[in-house]
Amino acid sequence: MFRAPGGFGRFVWRHLAVMAAGILAGFIVGCNRRAVQTSLDAVLSHARAEAPHTYSPDGEKPVRAALVALVRNSDLFGLRLAMRQVEDRFNSRHNYPYIFVNDEPFTDEFKRGVRDMTRARVQFGSLDHDSWKIPEWIDPDRYARVKREARYPHGEKDSYRKMCRFQAGFLHRHPLLKDLDYYWRIEPDVEYYCNIDYDPFVYMKQRGLKYGWNIAMSEFMDTVPTLWNTTRRFIAEHPHMLAPANMQRWLEDGRGGYNGCHFWSNFEIVDLSFYRSPEYQAYFDYLDRAGGFFYERWGDAPVHSIAAALLLNASQVHYFADIGYYHPSVVSCPAGARTRGSCVCDDSKSFVQNSHCAVLYKHVRQSIVDPAATEPAHVGPVNYVHAGVQPRHAPE
Ligand SMILES: Nc1nc2c(ncn2[C@@H]2O[C@H](COP(=O)(O)OP(=O)(O)OP(=O)(O)O)[C@@H](O)[C@H]2O)c(=O)[nH]1
Ligand SMILES: [Mg+2]
């Protein structure tokens with residue numbers, strides 16, 4: 001029968017076991033020196049890389065910022081999909097809070113469902129009546145006729161128009177956003193295809209950037225037939241509001257009209273001092289009074305974009321070309337992302353980086369910011385080329 005060793009015997013057994021473990025470990029290390037070394041380096045450099053940019057859920061952040069969306073209860077699944085990717089690709093290391101607002105009360109199911117996706121703080125807000133209404137200066141008969149005759153997407157809907165007006169003029173003034181300096185807009189069903197290995201809020205703050213975008217497309221012109229003329233009237237009445245080094249040329253069709261170019265606002269990272277400025281507020285109020293959010297179907301995207309192009313200097317606008325992003329029907333991949341780096345992004349399906357509006361933007365911006373350059377200037381940090389563990393600070 002086996003008897004447990006006591007006293008000196010236990011001492012010997014214990015040390016034999018430790019020695020055996022050491023020999024075994026040495027053997028494994030010897031055989032797998034390269035593999036162990038590599039994974040160790042990876043762990044260490046990962047720790048080094050992440051340390052400066054890892055913020056705890058309740059800890060101080062370097063920027064007062066949040067991920068923000070207007071959403072419906074019925075968007076729960078699509079929002080969870082979007083959050084999963086935002087968390088995995090970026091926010092699980094940064095824990096920026098989320099703010100969700102809704103024209104109806106959020107259900108408990110919704111609140112639980114989104115909270116399950118993150119360790120970060122999540123806040124839920126409702127809207128006041130003025131921010132979600134058809135203003136009293138809108139003529140009901142004219143508006144009813146417009147909805148009947150509209151032949152463009154969402155043309156028959158009140159809710160879509162209220163949504164666009166809200167996102168153009170009220171979201172940034174919502175009380176829950178009061179203490180924020182920056183927001184990053186997200187939406188249900190969007191996807192993030194690449195690791196974001198730096199903090200875009202810090203990136204923008206350090207460079208004095210006010211507006212960051214990822215997809216530039218042409219608008220359904222039937223939704224904005226008078227937006228450009230209304231904007232020109234506004235500028236004619238407020239010429240001092242035009243930024244000296246603005247990108248008006250990015251908006252023009254060469255015949256005195258609007259070419260439809262706009263940034264998709266389902267992704268935008270914005271220094272909120274821009275939307276809170278007297279210039280932006282005056283522009284929004286002017287458009288709101290003109291009635292085009294209802295008589296036409298002006299989107300918040302062209303409104304934000306025209307404002308960014310006219311009221312900001314070109315150097316304050318930034319193309320986040322390195323962020324692999326998808327909003328239903330359009331994917332934007334960094335070039336080469338299909339086969340390199342941390343992205344899962346099929347750039348053979350991505351055409352927006354070469355869309356007319358993106359190419360024109362690069363040329364117009366460069367001609368203002370860096371007229372001596374012959375090629376379009378590098379437009380942002382490119383983090384997709386490195387496989388595995390990533391560098392930390394956004395490259396210049
Ligand atoms: N609370 C609330 N949110 C809305 C309403 N309509 C749209 N939204 C939200 O506003 C954002 C934009 O709406 P979408 O329907 O995605 O609009 P879109 O992206 O221009 O249009 P699609 O290309 O058809 O997706 C999303 O986050 C929606 O959840 C609404 O009536 N109430
Ligand atoms: Mg959408």
# chains A, B, ... in the order shown; residues from 1 in each chain; ligands from 1

$ closest_atom_pairs --of "chain A" --to "ligand 1" --cutoff "6 Å" --atoms "only C-alpha atoms and all ligand atoms" --output "tab-separated table"
residue	atom	partner	partner_atom_place_in_ligand_line	distance
A:Ala69	CA	ligand 1	27 (O)	5.7
A:Leu70	CA	ligand 1	27 (O)	4.9
A:Val71	CA	ligand 1	29 (O)	3.6
A:Arg72	CA	ligand 1	1 (N)	4.0
A:Asp75	CA	ligand 1	29 (O)	5.9
A:Asn102	CA	ligand 1	1 (N)	3.8
A:Asp103	CA	ligand 1	1 (N)	4.7
A:Ser159	CA	ligand 1	31 (O)	4.5
A:Tyr160	CA	ligand 1	6 (N)	5.2
A:Met163	CA	ligand 1	6 (N)	5.3
A:Glu187	CA	ligand 1	27 (O)	4.3
A:Pro188	CA	ligand 1	27 (O)	5.6

$ write_last_selection --atoms "N, CA and C atoms" --output "PDB file, in the first residue's frame"
ATOM      1  N   ALA A  69     -25.856  57.036 -31.208  1.00  0.00           N
ATOM      2  CA  ALA A  69     -26.800  56.676 -32.272  1.00  0.00           C
ATOM      3  C   ALA A  69     -28.228  57.027 -31.882  1.00  0.00           C
ATOM      4  N   LEU A  70     -28.965  57.473 -32.860  1.00  0.00           N
ATOM      5  CA  LEU A  70     -30.429  57.498 -32.781  1.00  0.00           C
ATOM      6  C   LEU A  70     -30.890  56.134 -33.265  1.00  0.00           C
ATOM      7  N   VAL A  71     -31.695  55.457 -32.475  1.00  0.00           N
ATOM      8  CA  VAL A  71     -32.122  54.104 -32.863  1.00  0.00           C
ATOM      9  C   VAL A  71     -33.542  53.811 -32.403  1.00  0.00           C
ATOM     10  N   ARG A  72     -34.122  52.770 -33.032  1.00  0.00           N
ATOM     11  CA  ARG A  72     -35.444  52.286 -32.625  1.00  0.00           C
ATOM     12  C   ARG A  72     -35.271  50.986 -31.853  1.00  0.00           C
ATOM     13  N   ASP A  75     -34.348  48.052 -33.811  1.00  0.00           N
ATOM     14  CA  ASP A  75     -32.981  47.975 -34.344  1.00  0.00           C
ATOM     15  C   ASP A  75     -32.056  47.161 -33.437  1.00  0.00           C
ATOM     16  N   ASN A 102     -33.891  57.881 -28.688  1.00  0.00           N
ATOM     17  CA  ASN A 102     -35.022  57.265 -29.383  1.00  0.00           C
ATOM     18  C   ASN A 102     -36.236  58.187 -29.223  1.00  0.00           C
ATOM     19  N   ASP A 103     -37.076  58.234 -30.248  1.00  0.00           N
ATOM     20  CA  ASP A 103     -38.300  59.040 -30.119  1.00  0.00           C
ATOM     21  C   ASP A 103     -39.365  58.305 -29.306  1.00  0.00           C
ATOM     22  N   SER A 159     -41.377  59.746 -40.774  1.00  0.00           N
ATOM     23  CA  SER A 159     -40.359  59.405 -39.766  1.00  0.00           C
ATOM     24  C   SER A 159     -38.950  59.605 -40.321  1.00  0.00           C
ATOM     25  N   TYR A 160     -38.748  59.247 -41.589  1.00  0.00           N
ATOM     26  CA  TYR A 160     -37.398  59.393 -42.155  1.00  0.00           C
ATOM     27  C   TYR A 160     -37.010  60.870 -42.196  1.00  0.00           C
ATOM     28  N   MET A 163     -36.236  62.064 -38.808  1.00  0.00           N
ATOM     29  CA  MET A 163     -34.926  61.520 -38.430  1.00  0.00           C
ATOM     30  C   MET A 163     -33.806  62.386 -39.015  1.00  0.00           C
ATOM     31  N   GLU A 187     -24.466  53.188 -36.314  1.00  0.00           N
ATOM     32  CA  GLU A 187     -25.834  52.842 -36.729  1.00  0.00           C
ATOM     33  C   GLU A 187     -26.021  51.344 -36.671  1.00  0.00           C
ATOM     34  N   PRO A 188     -27.255  50.892 -36.579  1.00  0.00           N
ATOM     35  CA  PRO A 188     -27.504  49.454 -36.688  1.00  0.00           C
ATOM     36  C   PRO A 188     -26.982  48.936 -38.029  1.00  0.00           C
TER      37      PRO A 188
END

$ closest_atom_pairs --of "range 100-187 of chain A" --to "range 304-310 of chain A" --cutoff "10 Å" --atoms "only C-alpha atoms" --output "CSV"
residue,atom,partner,partner_atom,distance
A:Gln167,CA,A:His304,CA,9.2
A:Ala168,CA,A:His304,CA,6.7
A:Gly169,CA,A:His304,CA,9.4

$ residues_around --residues "range 251-262 of chain A" --least-positions-apart "3" --cutoff "12 Å" --atoms "only C-alpha atoms" --output "PyMOL selection string"
chain A and resi 213-232+246-248+265-266+268+298-310+355-361+364-365

$ residues_around --residues "Phe293 in chain A" --least-positions-apart "5" --cutoff "7 Å" --atoms "only C-alpha atoms" --output "PDB file with C-alpha atoms, in the first residue's frame"
ATOM      1  CA  ARG A 161     -37.681  63.151 -42.627  1.00  0.00           C
ATOM      2  CA  ARG A 165     -33.907  66.849 -39.426  1.00  0.00           C
ATOM      3  CA  ASP A 288     -35.022  74.343 -41.407  1.00  0.00           C
ATOM      4  CA  TRP A 298     -32.842  66.708 -47.312  1.00  0.00           C
TER       5      TRP A 298
END

$ atom_distance --atom1 "CA of Ala373 in chain A" --atom2 "CA of Ala314 in chain A"
15.4 Å
